[in-house]
$ cat data_2.txt   # compact mmCIF, C-alpha atoms and all ligand atoms
# COMPACT_ATOMS: atom_id res chain seq x y z
CA MET A 84 168.97 87.19 120.01
CA LYS A 85 171.63 86.89 117.33
CA LEU A 86 171.09 84.75 114.25
CA THR A 87 174.28 83.17 112.96
CA ARG A 88 173.00 80.96 110.15
CA ILE A 89 169.82 80.03 108.33
CA GLU A 90 169.47 76.72 106.51
CA LEU A 91 166.87 75.66 103.98
CA HIS A 92 166.12 71.95 103.74
CA TRP A 93 164.05 70.58 100.87
CA VAL A 94 162.46 67.24 101.78
CA ARG A 95 160.20 64.79 99.96
CA LEU A 96 157.88 62.42 101.79
CA PRO A 97 155.74 59.84 99.99
CA LEU A 98 152.02 59.99 100.91
CA VAL A 99 150.36 56.84 102.24
CA THR A 100 147.59 57.38 99.64
CA PRO A 101 147.32 59.93 96.82
CA PHE A 102 145.56 63.16 97.91
CA ARG A 103 143.25 64.57 95.25
CA THR A 104 141.68 68.03 95.43
CA SER A 105 140.03 70.23 92.81
CA PHE A 106 143.60 71.36 91.88
CA GLY A 107 145.01 67.93 91.12
CA THR A 108 146.50 64.83 92.72
CA GLU A 109 149.52 64.74 95.04
CA TYR A 110 151.51 61.52 95.51
CA GLU A 111 154.18 62.97 97.76
CA ARG A 112 154.76 66.05 99.89
CA GLU A 113 157.68 68.12 98.76
CA ALA A 114 158.26 70.54 101.62
CA LEU A 115 160.71 73.24 102.59
CA LEU A 116 162.04 73.44 106.14
CA VAL A 117 163.78 76.47 107.61
CA LYS A 118 166.38 76.07 110.36
CA ALA A 119 167.32 79.17 112.37
CA ILE A 120 170.62 78.87 114.19
CA THR A 121 171.68 81.11 117.09
CA PRO A 122 174.64 80.71 119.47
CA ASP A 123 172.27 79.30 122.12
CA ALA A 124 169.50 77.45 120.29
CA VAL A 125 168.26 76.09 117.02
CA GLY A 126 164.70 76.56 115.71
CA TRP A 127 162.67 74.94 112.95
CA GLY A 128 159.89 76.15 110.71
CA GLU A 129 157.99 74.61 107.81
CA CYS A 130 157.06 76.49 104.67
CA VAL A 131 153.66 75.13 103.59
CA ALA A 132 153.88 76.22 99.95
CA MET A 133 153.05 73.46 97.50
CA PRO A 134 155.38 72.55 94.61
CA GLN A 135 153.01 74.30 92.19
CA PRO A 136 151.15 77.63 92.59
CA ASP A 137 147.65 76.12 92.64
CA TYR A 138 146.37 76.60 96.20
CA SER A 139 147.82 80.13 96.14
CA ALA A 140 150.47 82.03 94.16
CA GLU A 141 153.31 80.65 96.26
CA TYR A 142 155.28 77.51 95.38
CA VAL A 143 158.20 75.78 97.07
CA ASP A 144 161.07 77.06 94.94
CA GLY A 145 159.55 80.55 94.67
CA ALA A 146 159.29 80.69 98.47
CA ALA A 147 162.92 79.57 98.79
CA ASP A 148 163.99 82.26 96.33
CA ALA A 149 162.06 84.94 98.27
CA LEU A 150 163.71 83.75 101.49
CA VAL A 151 167.23 83.81 100.09
CA ARG A 152 166.99 87.08 98.15
CA PHE A 153 164.78 89.23 100.33
CA LEU A 154 163.46 87.79 103.59
CA ILE A 155 166.63 86.40 105.19
CA PRO A 156 168.59 89.57 104.28
CA ALA A 157 165.81 91.73 105.83
CA VAL A 158 166.04 89.81 109.09
CA SER A 159 169.83 89.72 109.11
CA ALA A 160 169.87 93.52 108.84
CA LEU A 161 168.15 93.81 112.24
CA PRO A 162 170.50 94.73 115.09
CA THR A 163 168.82 92.11 117.25
CA VAL A 164 166.23 89.55 116.24
CA SER A 165 163.10 88.44 118.09
CA ALA A 166 159.90 86.91 116.79
CA ALA A 167 158.04 90.11 117.67
CA THR A 168 160.26 92.18 115.33
CA VAL A 169 160.41 89.76 112.40
CA GLY A 170 156.96 90.69 111.08
CA HIS A 171 157.89 94.39 110.84
CA ALA A 172 161.21 93.61 109.19
CA LEU A 173 159.48 91.50 106.56
CA ALA A 174 156.53 93.84 105.92
CA ALA A 175 158.47 95.81 103.28
CA VAL A 176 158.43 92.68 101.11
CA LYS A 177 155.00 92.29 99.52
CA GLY A 178 153.31 88.91 99.47
CA HIS A 179 155.10 85.59 100.16
CA PRO A 180 153.18 84.88 103.39
CA MET A 181 154.18 81.21 103.48
CA ALA A 182 157.88 82.04 103.15
CA LYS A 183 157.55 84.73 105.85
CA ALA A 184 155.63 82.40 108.17
CA ALA A 185 158.34 79.73 107.93
CA LEU A 186 161.13 82.17 108.77
CA GLU A 187 159.18 83.71 111.65
CA ILE A 188 158.29 80.39 113.30
CA ALA A 189 161.88 79.09 112.93
CA ILE A 190 163.10 82.20 114.76
CA LEU A 191 160.30 81.97 117.34
CA ASP A 192 161.10 78.29 117.92
CA ALA A 193 164.77 79.13 118.62
CA GLN A 194 163.74 81.99 120.92
CA LEU A 195 161.29 79.82 122.88
CA ARG A 196 163.76 76.95 123.21
CA GLN A 197 166.24 79.38 124.68
CA ALA A 198 163.54 80.63 127.08
CA HIS A 199 162.30 77.07 127.87
CA MET A 200 158.75 78.03 126.93
CA SER A 201 156.36 76.09 124.70
CA LEU A 202 154.77 77.67 121.63
CA ALA A 203 151.36 76.77 123.08
CA GLU A 204 152.08 78.71 126.27
CA TYR A 205 153.51 81.63 124.28
CA LEU A 206 150.43 81.85 122.05
CA GLY A 207 147.96 81.56 124.94
CA SER A 208 146.87 77.93 124.81
CA VAL A 209 143.95 76.99 127.05
CA LYS A 210 143.67 73.23 126.31
CA PRO A 211 145.87 70.20 126.95
CA ALA A 212 144.64 68.43 123.79
CA VAL A 213 142.73 69.26 120.61
CA PRO A 214 140.18 67.17 118.69
CA ALA A 215 141.43 65.60 115.48
CA GLY A 216 139.70 66.12 112.13
CA VAL A 217 140.54 64.71 108.74
CA SER A 218 140.38 66.02 105.18
CA VAL A 219 139.35 63.34 102.68
CA GLY A 220 140.41 63.71 99.06
CA ILE A 221 138.34 63.21 95.92
CA MET A 222 138.12 59.51 95.04
CA THR A 223 137.46 57.62 91.84
CA SER A 224 134.31 55.90 93.16
CA ILE A 225 131.77 56.19 95.97
CA PRO A 226 132.54 52.71 97.42
CA GLU A 227 136.21 53.73 97.65
CA LEU A 228 135.17 56.95 99.42
CA LEU A 229 132.95 55.08 101.90
CA ASP A 230 135.77 52.63 102.70
CA THR A 231 138.17 55.49 103.29
CA VAL A 232 135.70 57.37 105.50
CA ASP A 233 135.01 54.15 107.47
CA GLY A 234 138.73 53.85 108.16
CA TYR A 235 138.96 57.40 109.53
CA VAL A 236 135.80 57.04 111.63
CA ALA A 237 137.11 53.75 113.07
CA ALA A 238 140.45 55.44 113.83
CA GLY A 239 138.57 58.01 115.95
CA TYR A 240 138.53 61.17 113.85
CA GLN A 241 135.94 63.54 115.30
CA ARG A 242 135.06 65.33 112.06
CA ILE A 243 135.21 64.43 108.39
CA LYS A 244 135.86 66.96 105.63
CA LEU A 245 135.15 65.89 102.08
CA LYS A 246 136.85 67.59 99.17
CA ILE A 247 134.32 68.41 96.45
CA GLN A 248 134.34 69.75 92.90
CA PRO A 249 131.78 69.94 90.09
CA GLY A 250 130.87 66.33 89.30
CA TRP A 251 131.90 65.11 92.78
CA ASP A 252 129.59 66.81 95.26
CA VAL A 253 125.93 65.96 95.98
CA ALA A 254 126.17 62.20 95.30
CA PRO A 255 129.29 61.48 97.40
CA VAL A 256 128.08 63.73 100.23
CA ARG A 257 124.69 61.99 100.26
CA ALA A 258 126.39 58.59 100.21
CA VAL A 259 128.64 59.45 103.16
CA ARG A 260 125.73 60.91 105.13
CA GLU A 261 123.58 57.81 104.54
CA HIS A 262 126.51 55.53 105.33
CA ILE A 263 127.78 57.07 108.59
CA GLY A 264 124.54 58.68 109.78
CA ASP A 265 124.98 61.32 112.48
CA ALA A 266 127.93 59.56 114.09
CA VAL A 267 130.48 62.13 112.94
CA PRO A 268 129.99 65.72 111.75
CA VAL A 269 130.70 66.30 108.06
CA GLN A 270 131.78 69.39 106.11
CA VAL A 271 132.96 70.00 102.56
CA ASP A 272 135.76 72.00 100.89
CA ALA A 273 135.61 73.09 97.23
CA ASN A 274 138.90 75.05 97.02
CA GLY A 275 137.16 77.64 94.87
CA ALA A 276 135.94 75.23 92.20
CA TYR A 277 132.45 76.78 91.74
CA THR A 278 130.97 80.07 90.59
CA VAL A 279 127.98 81.93 91.96
CA THR A 280 125.89 80.56 89.07
CA ASP A 281 126.17 77.17 90.81
CA ALA A 282 124.11 78.47 93.77
CA ALA A 283 121.03 76.35 93.07
CA HIS A 284 123.17 73.24 92.71
CA LEU A 285 125.15 73.93 95.91
CA ALA A 286 121.85 74.50 97.76
CA LYS A 287 121.19 70.76 97.31
CA LEU A 288 123.93 70.21 99.90
CA ASP A 289 121.64 71.88 102.48
CA ALA A 290 119.82 68.53 102.79
CA PHE A 291 122.82 66.89 104.51
CA ASP A 292 123.26 69.04 107.63
CA LEU A 293 126.85 69.91 106.85
CA LEU A 294 128.84 71.90 109.41
CA MET A 295 129.93 74.22 106.62
CA ILE A 296 130.97 74.58 103.00
CA GLU A 297 134.55 75.84 102.71
CA GLN A 298 135.71 78.19 99.96
CA PRO A 299 133.09 77.35 97.32
CA LEU A 300 134.10 80.30 95.08
CA ALA A 301 137.27 82.02 93.93
CA GLU A 302 139.64 83.56 96.44
CA ASP A 303 138.92 87.16 95.41
CA ASP A 304 135.12 86.79 95.24
CA LEU A 305 133.87 88.06 98.60
CA ARG A 306 130.74 89.54 96.98
CA GLY A 307 129.97 86.20 95.37
CA HIS A 308 130.36 84.40 98.70
CA ALA A 309 128.04 86.91 100.38
CA ALA A 310 125.46 86.40 97.61
CA LEU A 311 125.81 82.63 97.85
CA ALA A 312 125.40 82.77 101.64
CA ARG A 313 121.95 84.28 101.09
CA ARG A 314 121.00 81.24 98.96
CA LEU A 315 122.35 78.51 101.29
CA ARG A 316 121.40 77.26 104.72
CA THR A 317 124.84 75.65 105.07
CA PRO A 318 127.28 78.17 106.63
CA ILE A 319 130.13 79.38 104.45
CA CYS A 320 133.69 79.10 105.76
CA LEU A 321 136.51 80.92 103.98
CA ASP A 322 140.03 79.57 103.61
CA GLU A 323 141.93 81.00 100.58
CA SER A 324 140.09 84.37 100.76
CA VAL A 325 141.22 85.26 104.28
CA THR A 326 144.78 86.49 103.95
CA SER A 327 144.92 89.05 106.79
CA PRO A 328 142.99 90.36 109.81
CA VAL A 329 141.59 93.20 107.63
CA ARG A 330 140.36 90.71 105.06
CA ALA A 331 138.82 88.60 107.85
CA VAL A 332 136.79 91.58 109.07
CA GLU A 333 135.73 92.37 105.49
CA ALA A 334 134.64 88.77 104.94
CA ILE A 335 132.65 88.72 108.18
CA GLU A 336 131.02 92.15 107.86
CA SER A 337 130.04 91.59 104.22
CA GLY A 338 128.33 88.31 105.08
CA ALA A 339 130.80 86.28 102.98
CA ALA A 340 132.06 84.17 105.91
CA ALA A 341 130.28 82.77 108.96
CA ILE A 342 133.35 80.70 109.88
CA VAL A 343 137.06 81.15 109.17
CA ASN A 344 139.74 78.52 108.49
CA ILE A 345 143.07 79.83 109.80
CA LYS A 346 146.30 78.59 108.25
CA PRO A 347 149.43 80.28 109.58
CA GLY A 348 151.21 79.94 106.24
CA ARG A 349 148.40 81.56 104.27
CA VAL A 350 148.30 84.59 106.59
CA GLY A 351 152.03 85.15 107.08
CA GLY A 352 152.72 83.46 110.40
CA TYR A 353 151.52 82.25 113.78
CA LEU A 354 151.38 85.77 115.24
CA GLN A 355 149.19 86.97 112.39
CA ALA A 356 147.12 83.78 112.77
CA ARG A 357 146.53 84.68 116.40
CA ARG A 358 145.43 88.20 115.42
CA ILE A 359 142.87 86.70 113.04
CA HIS A 360 141.75 84.33 115.80
CA ASP A 361 141.27 87.38 118.06
CA VAL A 362 139.42 89.51 115.50
CA CYS A 363 137.08 86.61 114.67
CA ALA A 364 136.44 86.06 118.39
CA ALA A 365 135.54 89.74 118.73
CA HIS A 366 132.97 89.27 115.93
CA GLY A 367 131.59 86.05 117.42
CA VAL A 368 132.89 84.05 114.47
CA PRO A 369 134.30 80.58 115.28
CA VAL A 370 137.57 79.49 113.71
CA TRP A 371 139.50 76.28 113.11
CA VAL A 372 143.05 75.41 112.15
CA GLY A 373 143.50 74.36 108.55
CA GLY A 374 146.17 72.03 107.25
CA MET A 375 148.58 71.99 104.31
CA VAL A 376 149.74 68.38 104.51
CA GLU A 377 152.45 69.42 106.96
CA THR A 378 155.32 67.29 108.19
CA GLY A 379 155.63 66.93 111.96
CA ILE A 380 157.31 70.37 112.16
CA GLY A 381 154.33 72.35 110.90
CA ARG A 382 151.84 69.86 112.34
CA ALA A 383 153.13 70.24 115.94
CA ALA A 384 152.98 74.04 115.68
CA ASN A 385 149.42 73.87 114.32
CA VAL A 386 148.36 71.75 117.30
CA ALA A 387 149.66 74.47 119.63
CA LEU A 388 147.72 77.13 117.71
CA ALA A 389 144.53 75.04 117.82
CA ALA A 390 144.66 75.17 121.64
CA LEU A 391 143.65 78.87 121.65
CA PRO A 392 140.15 79.58 123.02
CA ASN A 393 138.25 80.58 119.85
CA PHE A 394 139.34 77.46 117.96
CA THR A 395 135.99 75.94 118.86
CA LEU A 396 135.57 73.92 115.65
CA VAL A 397 137.51 70.76 114.86
CA GLY A 398 140.40 71.53 112.51
CA ASP A 399 142.28 69.70 109.78
CA VAL A 400 144.58 68.61 112.56
CA SER A 401 145.27 64.94 112.02
CA ALA A 402 147.90 62.43 113.07
CA SER A 403 151.11 62.14 111.02
CA ASP A 404 150.01 58.72 109.78
CA ARG A 405 147.04 60.23 107.95
CA PHE A 406 149.60 61.29 105.33
CA PHE A 407 152.99 59.71 106.07
CA ALA A 408 154.23 56.22 106.90
CA ARG A 409 157.31 57.88 108.34
CA ASP A 410 157.32 61.52 109.40
CA ILE A 411 160.57 63.47 109.75
CA THR A 412 159.80 64.08 113.44
CA PRO A 413 158.54 61.65 116.04
CA PRO A 414 154.97 61.25 114.75
CA VAL A 415 152.07 63.42 115.87
CA VAL A 416 149.69 60.82 117.28
CA MET A 417 145.94 60.71 117.92
CA ARG A 418 144.52 58.98 120.98
CA ASP A 419 140.74 58.43 121.15
CA GLY A 420 140.29 61.21 118.59
CA TRP A 421 142.47 63.72 120.45
CA ILE A 422 145.97 65.08 119.85
CA GLU A 423 148.00 66.29 122.82
CA VAL A 424 149.31 69.84 122.70
CA PRO A 425 153.14 69.69 122.80
CA THR A 426 154.55 70.94 126.10
CA GLY A 427 158.28 70.90 125.31
CA PRO A 428 160.14 74.13 124.54
CA GLY A 429 159.29 75.85 121.25
CA ILE A 430 157.24 73.77 118.85
CA GLY A 431 158.14 70.74 120.99
CA VAL A 432 159.54 68.53 118.24
CA GLU A 433 162.67 68.36 116.11
CA PRO A 434 163.47 66.46 112.95
CA ASP A 435 164.90 63.02 113.49
CA GLU A 436 168.39 63.14 111.92
CA ALA A 437 168.03 59.83 110.08
CA ALA A 438 164.52 60.57 108.80
CA LEU A 439 165.61 64.04 107.67
CA LYS A 440 168.57 62.56 105.80
CA GLU A 441 166.41 59.88 104.19
CA SER A 442 163.84 62.37 102.89
CA SER A 443 166.34 65.09 102.00
CA VAL A 444 166.32 66.44 98.44
CA ARG A 445 168.87 69.22 98.98
CA SER A 446 169.96 71.84 101.49
CA GLU A 447 171.41 75.32 101.41
CA GLY A 448 172.97 77.34 104.22
CA ILE A 449 173.40 81.09 104.60
CA ASP A 450 175.90 82.37 107.16
CA LEU A 451 174.85 85.72 108.59
O1 LIG A 501 142.09 73.69 101.23
O2 LIG A 501 142.23 72.98 103.19
C1 LIG A 501 142.67 73.01 102.04
C2 LIG A 501 145.52 70.53 101.72
C3 LIG A 501 146.33 71.17 100.82
C4 LIG A 501 145.93 72.37 100.29
C5 LIG A 501 144.72 72.94 100.68
C6 LIG A 501 143.92 72.30 101.61
C7 LIG A 501 144.31 71.07 102.12
C8 LIG A 501 143.46 70.34 103.06
C9 LIG A 501 144.01 69.99 104.40
O3 LIG A 501 142.32 70.04 102.82
C10 LIG A 501 144.77 68.74 104.44
C11 LIG A 501 145.48 68.56 105.76
O4 LIG A 501 146.61 69.02 105.91
O5 LIG A 501 144.91 67.94 106.65
MG MG A 502 140.50 74.58 102.30
$ encode --input "data_2.txt" --output "structure tokens"
Amino acid sequence: MKLTRIELHWVRLPLVTPFRTSFGTEYEREALLVKAITPDAVGWGECVAMPQPDYSAEYVDGAADALVRFLIPAVSALPTVSAATVGHALAAVKGHPMAKAALEIAILDAQLRQAHMSLAEYLGSVKPAVPAGVSVGIMTSIPELLDTVDGYVAAGYQRIKLKIQPGWDVAPVRAVREHIGDAVPVQVDANGAYTVTDAAHLAKLDAFDLLMIEQPLAEDDLRGHAALARRLRTPICLDESVTSPVRAVEAIESGAAAIVNIKPGRVGGYLQARRIHDVCAAHGVPVWVGGMVETGIGRAANVALAALPNFTLVGDVSASDRFFARDITPPVVMRDGWIEVPTGPGIGVEPDEAALKESSVRSEGIDL
């Protein structure tokens, strides 16, 4: 395949409600889309970096800079481009997994559209639909939290994830558990807001039969997670810490992770995500697809990934309307708690021209 042009599109979508995590509060999603243009097809990818480097070191404009200066030139130097060769071409550049992932999936989308094959089929999907889960932000009061959770349960979400941080943990989790009973499984995500000295406090969460606690400690603290795991009955799931297949094995073998959250952006792409899925399956460790408040572009691709066999836990795979009144693609929809795996070529969706224009901040094109 020959790439003729790559475009970067910065977009900004207002959120239906502010999304608060232990990092801060987001009111809108500023996202970066990558468009790969070939003589025969066009492909799209979403870079999931946030505007600020708080979830990880990457941020939107830094990712765009890495793409323009290093990643796009590395790919354009290849005599012929295919998704299978992109990873090798980009390996010489250290870091920037979210930027790499966006470029790789844009190229893979173009390649699959040309071949009339869906991403789900290419990755090895085994399901026609995946269960929808929702990530619930930190609220200012418990009644507000209970109202919000009620709305998601009524909408059909099959699993609730509550964001926690010191000062917003045991009381809200207890309140949600008492309020919804056993109707819907519950888990929590701390985004690294605790230290291992909080072990006794976090052990209080064991009373609420949570599916898991996600990333309680800092990204680089595998030893701490392993020590914490010995103090908790609630299984530990790692998100930020798992950046590669090697790191996944380390996390599993050291006892730091019993479950792994897989985000293609965090690990450098959908192919690397599948390798982590495979290595976790080989260790008997279940995985689920995480979310980064994606537009329909990244969301559709995540649904395809979630259809692989070892994605046995409900992911942060929600409908577009969980975050956006108007997505830039036809919306990803949930029916009776399920989201259909796209069957069209590539990721199965494209930006709607008018919606893209309306949310556009700026664009840049590089002719190759
Ligand atoms: O840690 O899982 C996380 C959103 C932004 C950054 C980090 C995380 C999240 C979520 C998922 O909780 C939200 C979603 O896209 O559904
Ligand atoms: Mg997380």
$ residues_near_ligand --input "data_2.txt" --ligand "ligand LIG 501 (chain A)" --cutoff "10 Å" --atoms "only C-alpha atoms and all ligand atoms" --output "ChimeraX atom specification"
/A:102-106,109,112,131-133,137-139,215-220,244-246,271-275,297-298,321-323,344-346,372-378,381-382,398-403,405-406
$ atom_distance --input "data_2.txt" --atom1 "CA of Pro180 (chain A)" --atom2 "CA of Tyr142 (chain A)"
11.1 Å
$ residues_around --input "data_2.txt" --residues "Pro211 (chain A)" --least-positions-apart "2" --cutoff "8 Å" --atoms "all atoms listed in the file" --output "number ranges by chain"
A: 209, 213, 390, 423-424
$ atom_distance --input "data_2.txt" --atom1 "CA of Glu433 (chain A)" --atom2 "CA of Glu129 (chain A)"
11.4 Å
$ closest_residue --input "data_2.txt" --among "A:Ala119, A:Ile296, A:Asn385, A:Leu228" --to "Tyr353 (chain A)" --atoms "only C-alpha atoms"
A:Asn385
$ closest_residue --input "data_2.txt" --among "A:Met200, A:Ala172, A:Ala340, A:Ile422" --to "Tyr240 (chain A)" --atoms "only C-alpha atoms"
A:Ile422
$ atom_distance --input "data_2.txt" --atom1 "CA of Ser165 (chain A)" --atom2 "CA of Ala203 (chain A)"
17.3 Å
$ closest_residue --input "data_2.txt" --among "A:Ala356, A:Ala276, A:Leu396, A:Ala310" --to "ligand MG 502 (chain A)" --atoms "all atoms listed in the file"
A:Ala276
$ closest_residue --input "data_2.txt" --among "A:Pro299, A:Pro156, A:Pro101, A:Gly207" --to "ligand MG 502 (chain A)" --atoms "all atoms listed in the file"
A:Pro299
$ closest_residue --input "data_2.txt" --among "A:Asp230, A:Asp281, A:Asp192, A:Glu302" --to "ligand MG 502 (chain A)" --atoms "all atoms listed in the file"
A:Glu302
$ closest_residue --input "data_2.txt" --among "A:Met295, A:Ala184, A:Ile120, A:Ala389" --to "ligand MG 502 (chain A)" --atoms "only C-alpha atoms and all ligand atoms"
A:Met295
$ residues_around --input "data_2.txt" --residues "region 283-294 of chain A" --least-positions-apart "3" --cutoff "7 Å" --atoms "only C-alpha atoms" --output "PyMOL selection string"
chain A and resi 253+257+260+268-270+314-317
$ residues_near_point --input "data_2.txt" --point "(167.4, 64.1, 104.4)" --cutoff "12 Å" --atoms "all atoms listed in the file" --output "list in words"
Leu91, His92, Trp93, Val94, Arg95, Leu96, Glu113, Ala114, Leu115, Leu116, Asp410, Ile411, Thr412, Pro434, Asp435, Glu436, Ala437, Ala438, Leu439, Lys440, Glu441, Ser442, Ser443, Val444, Arg445 and Ser446 of chain A
$ residues_around --input "data_2.txt" --residues "Glu227 (chain A)" --least-positions-apart "6" --cutoff "12 Å" --atoms "only C-alpha atoms" --output "PyMOL selection string"
chain A and resi 219-221+233-234+255+258-259
$ residues_around --input "data_2.txt" --residues "Ala238 (chain A)" --least-positions-apart "2" --cutoff "10 Å" --atoms "all atoms listed in the file" --output "PyMOL selection string"
chain A and resi 232-236+240-241+417-420
$ residues_around --input "data_2.txt" --residues "Ala365 (chain A)" --least-positions-apart "6" --cutoff "10 Å" --atoms "only C-alpha atoms" --output "PDB file with C-alpha atoms, keeping the file's coordinate frame"
ATOM      1  CA  VAL A 332     136.790  91.580 109.070  1.00  0.00           C
ATOM      2  CA  ILE A 359     142.870  86.700 113.040  1.00  0.00           C
ATOM      3  CA  ASN A 393     138.250  80.580 119.850  1.00  0.00           C
TER       4      ASN A 393
END
$ build_atoms --input "data_2.txt" --residues "region 119-135 of chain A" --atoms "N, CA and C atoms" --output "PDB file, in the coordinates of the input"
ATOM      1  N   ALA A 119     166.709  77.916 111.893  1.00  0.00           N
ATOM      2  CA  ALA A 119     167.320  79.170 112.370  1.00  0.00           C
ATOM      3  C   ALA A 119     168.325  78.820 113.457  1.00  0.00           C
ATOM      4  N   ILE A 120     169.560  79.236 113.262  1.00  0.00           N
ATOM      5  CA  ILE A 120     170.620  78.870 114.190  1.00  0.00           C
ATOM      6  C   ILE A 120     171.122  80.123 114.919  1.00  0.00           C
ATOM      7  N   THR A 121     171.149  80.033 116.249  1.00  0.00           N
ATOM      8  CA  THR A 121     171.680  81.110 117.090  1.00  0.00           C
ATOM      9  C   THR A 121     172.782  80.485 117.953  1.00  0.00           C
ATOM     10  N   PRO A 122     173.591  81.307 118.636  1.00  0.00           N
ATOM     11  CA  PRO A 122     174.640  80.710 119.470  1.00  0.00           C
ATOM     12  C   PRO A 122     174.069  79.797 120.566  1.00  0.00           C
ATOM     13  N   ASP A 123     172.822  80.033 120.978  1.00  0.00           N
ATOM     14  CA  ASP A 123     172.270  79.300 122.120  1.00  0.00           C
ATOM     15  C   ASP A 123     171.200  78.273 121.782  1.00  0.00           C
ATOM     16  N   ALA A 124     170.616  78.356 120.604  1.00  0.00           N
ATOM     17  CA  ALA A 124     169.500  77.450 120.290  1.00  0.00           C
ATOM     18  C   ALA A 124     169.318  77.351 118.791  1.00  0.00           C
ATOM     19  N   VAL A 125     168.574  76.317 118.423  1.00  0.00           N
ATOM     20  CA  VAL A 125     168.260  76.090 117.020  1.00  0.00           C
ATOM     21  C   VAL A 125     166.734  76.021 116.918  1.00  0.00           C
ATOM     22  N   GLY A 126     166.163  76.613 115.865  1.00  0.00           N
ATOM     23  CA  GLY A 126     164.700  76.560 115.710  1.00  0.00           C
ATOM     24  C   GLY A 126     164.332  76.076 114.318  1.00  0.00           C
ATOM     25  N   TRP A 127     163.136  75.479 114.227  1.00  0.00           N
ATOM     26  CA  TRP A 127     162.670  74.940 112.950  1.00  0.00           C
ATOM     27  C   TRP A 127     161.324  75.525 112.551  1.00  0.00           C
ATOM     28  N   GLY A 128     161.176  75.717 111.248  1.00  0.00           N
ATOM     29  CA  GLY A 128     159.890  76.150 110.710  1.00  0.00           C
ATOM     30  C   GLY A 128     159.623  75.423 109.405  1.00  0.00           C
ATOM     31  N   GLU A 129     158.344  75.267 109.075  1.00  0.00           N
ATOM     32  CA  GLU A 129     157.990  74.610 107.810  1.00  0.00           C
ATOM     33  C   GLU A 129     157.291  75.602 106.906  1.00  0.00           C
ATOM     34  N   CYS A 130     157.741  75.665 105.668  1.00  0.00           N
ATOM     35  CA  CYS A 130     157.060  76.490 104.670  1.00  0.00           C
ATOM     36  C   CYS A 130     156.014  75.601 104.005  1.00  0.00           C
ATOM     37  N   VAL A 131     154.737  76.018 104.068  1.00  0.00           N
ATOM     38  CA  VAL A 131     153.660  75.130 103.590  1.00  0.00           C
ATOM     39  C   VAL A 131     153.338  75.295 102.117  1.00  0.00           C
ATOM     40  N   ALA A 132     154.131  76.088 101.387  1.00  0.00           N
ATOM     41  CA  ALA A 132     153.880  76.220  99.950  1.00  0.00           C
ATOM     42  C   ALA A 132     153.914  74.840  99.290  1.00  0.00           C
ATOM     43  N   MET A 133     153.097  74.696  98.272  1.00  0.00           N
ATOM     44  CA  MET A 133     153.050  73.460  97.500  1.00  0.00           C
ATOM     45  C   MET A 133     154.083  73.558  96.357  1.00  0.00           C
ATOM     46  N   PRO A 134     154.414  72.460  95.721  1.00  0.00           N
ATOM     47  CA  PRO A 134     155.380  72.550  94.610  1.00  0.00           C
ATOM     48  C   PRO A 134     154.884  73.430  93.454  1.00  0.00           C
ATOM     49  N   GLN A 135     153.572  73.486  93.270  1.00  0.00           N
ATOM     50  CA  GLN A 135     153.010  74.300  92.190  1.00  0.00           C
ATOM     51  C   GLN A 135     152.132  75.407  92.781  1.00  0.00           C
TER      52      GLN A 135
END
